[in-house]
Amino acid sequence: MALWKEPVKSPATAAPETTEQTRHDIPENKPETAAPVQPAQPAPRPALAAVAAKPKAESLIAPDITIEGKIEGAGHVRIAGNFKGDVSVRGDLTIEPGAKVTGSVRAEKVTIGGELVGNIESAVHVELLQSGALTGDLKAGSLSVAAGSRMRGQAEFGWDDKDTSRGHGGTTS
């Protein structure tokens with residue numbers, strides 16, 4: 001005798017009754033394990049913001065080294081020795097006090113504590129430290145010059161290519 005009323009199943013929807021024991025013994029009725037296993041999907045890549053926040057690597061030319069050639073790539077470069085050749089990096093270039101670079105430079109930020117003989121063709125910011133010397137022309141978004149630093153050449157900074165009419169005294173129509 002049952003103490004509760006069991007629902008009446010219609011013959012069209014009635015499913016065979018199984019116990020927990022028999023449900024595990026029948027492969028087609030196993031919960032979640034009977035479904036075909038999908039191939040493992042690779043983990044999603046991290047968001048670009050997380051990758052962009054990763055610091056760039058820095059390459060160092062030590063004080064006792066002299067190199068002649070070309071430097072290109074992404075990342076920061078610190079020169080403490082002597083380098084003869086062009087430098088083009090998507091990162092920062094630092095010329096340490098006592099170091100000498102002879103060649104043209106393209107970098108996001110250029111810090112000169114040693115000597116640079118050559119032009120800075122494109123930079124977001126150039127910092128000329130007290131011990132720094134630049135012999136060549138400079139084109140940058142901004143320039144910081146410390147007292148005691150030296151420069152021989154022309155400096156062009158603070159201009160966008162579209163701002164060429166500003167500050168020349170000309171009129172626009």
# chains A, B, ... in the order shown; residues from 1 in each chain; ligands from 1

$ residues_around --residues "stretch 121-133 of chain A" --least-positions-apart "2" --cutoff "9 Å" --atoms "only C-alpha atoms" --output "ChimeraX atom specification"
/A:95-98,104-117,119,135,137-152,157

$ residues_around --residues "A:Phe83" --least-positions-apart "3" --cutoff "10 Å" --atoms "only C-alpha atoms" --output "list in words"
Ile61, Ile65, Thr66, Ile67, Glu68, Gly69, Lys70, Ile71, Ile79, Ala80, Asp86, Val87, Ile95, Ala99, Lys100, Val101, Thr102, Gly103 and Leu116 of chain A

$ write_last_selection --atoms "N, CA and C atoms" --output "PDB file, in the first residue's frame"
ATOM      1  N   ILE A  61      73.337  46.184 -25.281  1.00  0.00           N
ATOM      2  CA  ILE A  61      74.697  46.120 -25.810  1.00  0.00           C
ATOM      3  C   ILE A  61      75.580  46.629 -24.672  1.00  0.00           C
ATOM      4  N   ILE A  65      81.411  46.281 -25.480  1.00  0.00           N
ATOM      5  CA  ILE A  65      81.142  45.698 -26.793  1.00  0.00           C
ATOM      6  C   ILE A  65      81.014  46.788 -27.849  1.00  0.00           C
ATOM      7  N   THR A  66      81.580  46.529 -29.028  1.00  0.00           N
ATOM      8  CA  THR A  66      81.429  47.392 -30.198  1.00  0.00           C
ATOM      9  C   THR A  66      80.781  46.557 -31.294  1.00  0.00           C
ATOM     10  N   ILE A  67      79.666  47.064 -31.839  1.00  0.00           N
ATOM     11  CA  ILE A  67      78.931  46.335 -32.872  1.00  0.00           C
ATOM     12  C   ILE A  67      78.706  47.259 -34.054  1.00  0.00           C
ATOM     13  N   GLU A  68      78.828  46.693 -35.255  1.00  0.00           N
ATOM     14  CA  GLU A  68      78.526  47.420 -36.480  1.00  0.00           C
ATOM     15  C   GLU A  68      77.463  46.626 -37.215  1.00  0.00           C
ATOM     16  N   GLY A  69      76.373  47.291 -37.626  1.00  0.00           N
ATOM     17  CA  GLY A  69      75.299  46.583 -38.315  1.00  0.00           C
ATOM     18  C   GLY A  69      74.021  47.378 -38.321  1.00  0.00           C
ATOM     19  N   LYS A  70      72.909  46.695 -38.097  1.00  0.00           N
ATOM     20  CA  LYS A  70      71.588  47.304 -38.145  1.00  0.00           C
ATOM     21  C   LYS A  70      70.727  46.663 -37.070  1.00  0.00           C
ATOM     22  N   ILE A  71      69.955  47.477 -36.360  1.00  0.00           N
ATOM     23  CA  ILE A  71      69.033  46.961 -35.356  1.00  0.00           C
ATOM     24  C   ILE A  71      67.623  47.297 -35.817  1.00  0.00           C
ATOM     25  N   ILE A  79      71.800  50.747 -25.175  1.00  0.00           N
ATOM     26  CA  ILE A  79      73.168  50.668 -25.668  1.00  0.00           C
ATOM     27  C   ILE A  79      74.083  51.318 -24.637  1.00  0.00           C
ATOM     28  N   ALA A  80      75.011  50.519 -24.120  1.00  0.00           N
ATOM     29  CA  ALA A  80      75.991  51.021 -23.166  1.00  0.00           C
ATOM     30  C   ALA A  80      77.390  50.976 -23.769  1.00  0.00           C
ATOM     31  N   ASP A  86      72.233  51.810 -38.331  1.00  0.00           N
ATOM     32  CA  ASP A  86      70.902  52.371 -38.123  1.00  0.00           C
ATOM     33  C   ASP A  86      70.127  51.569 -37.093  1.00  0.00           C
ATOM     34  N   VAL A  87      69.294  52.284 -36.334  1.00  0.00           N
ATOM     35  CA  VAL A  87      68.445  51.658 -35.323  1.00  0.00           C
ATOM     36  C   VAL A  87      67.003  52.008 -35.652  1.00  0.00           C
ATOM     37  N   ILE A  95      70.498  55.405 -24.864  1.00  0.00           N
ATOM     38  CA  ILE A  95      71.949  55.462 -25.054  1.00  0.00           C
ATOM     39  C   ILE A  95      72.528  55.890 -23.711  1.00  0.00           C
ATOM     40  N   ALA A  99      78.309  55.757 -23.784  1.00  0.00           N
ATOM     41  CA  ALA A  99      78.061  54.980 -25.005  1.00  0.00           C
ATOM     42  C   ALA A  99      78.062  55.905 -26.215  1.00  0.00           C
ATOM     43  N   LYS A 100      78.300  55.317 -27.403  1.00  0.00           N
ATOM     44  CA  LYS A 100      78.293  56.107 -28.635  1.00  0.00           C
ATOM     45  C   LYS A 100      77.548  55.337 -29.712  1.00  0.00           C
ATOM     46  N   VAL A 101      76.605  56.033 -30.381  1.00  0.00           N
ATOM     47  CA  VAL A 101      75.870  55.467 -31.501  1.00  0.00           C
ATOM     48  C   VAL A 101      76.106  56.365 -32.705  1.00  0.00           C
ATOM     49  N   THR A 102      76.488  55.749 -33.829  1.00  0.00           N
ATOM     50  CA  THR A 102      76.689  56.485 -35.077  1.00  0.00           C
ATOM     51  C   THR A 102      75.731  55.889 -36.107  1.00  0.00           C
ATOM     52  N   GLY A 103      74.696  56.658 -36.474  1.00  0.00           N
ATOM     53  CA  GLY A 103      73.712  56.187 -37.441  1.00  0.00           C
ATOM     54  C   GLY A 103      72.372  56.844 -37.196  1.00  0.00           C
ATOM     55  N   LEU A 116      75.176  60.564 -29.624  1.00  0.00           N
ATOM     56  CA  LEU A 116      74.544  60.111 -30.846  1.00  0.00           C
ATOM     57  C   LEU A 116      75.016  60.995 -31.985  1.00  0.00           C
TER      58      LEU A 116
END

$ residues_around --residues "A:His76" --least-positions-apart "6" --cutoff "9 Å" --atoms "only C-alpha atoms" --output "number ranges by chain"
A: 56-60, 89-94, 107

$ atom_distance --atom1 "atom CA of A:Gly136" --atom2 "atom CA of A:Asn82"
17.3 Å
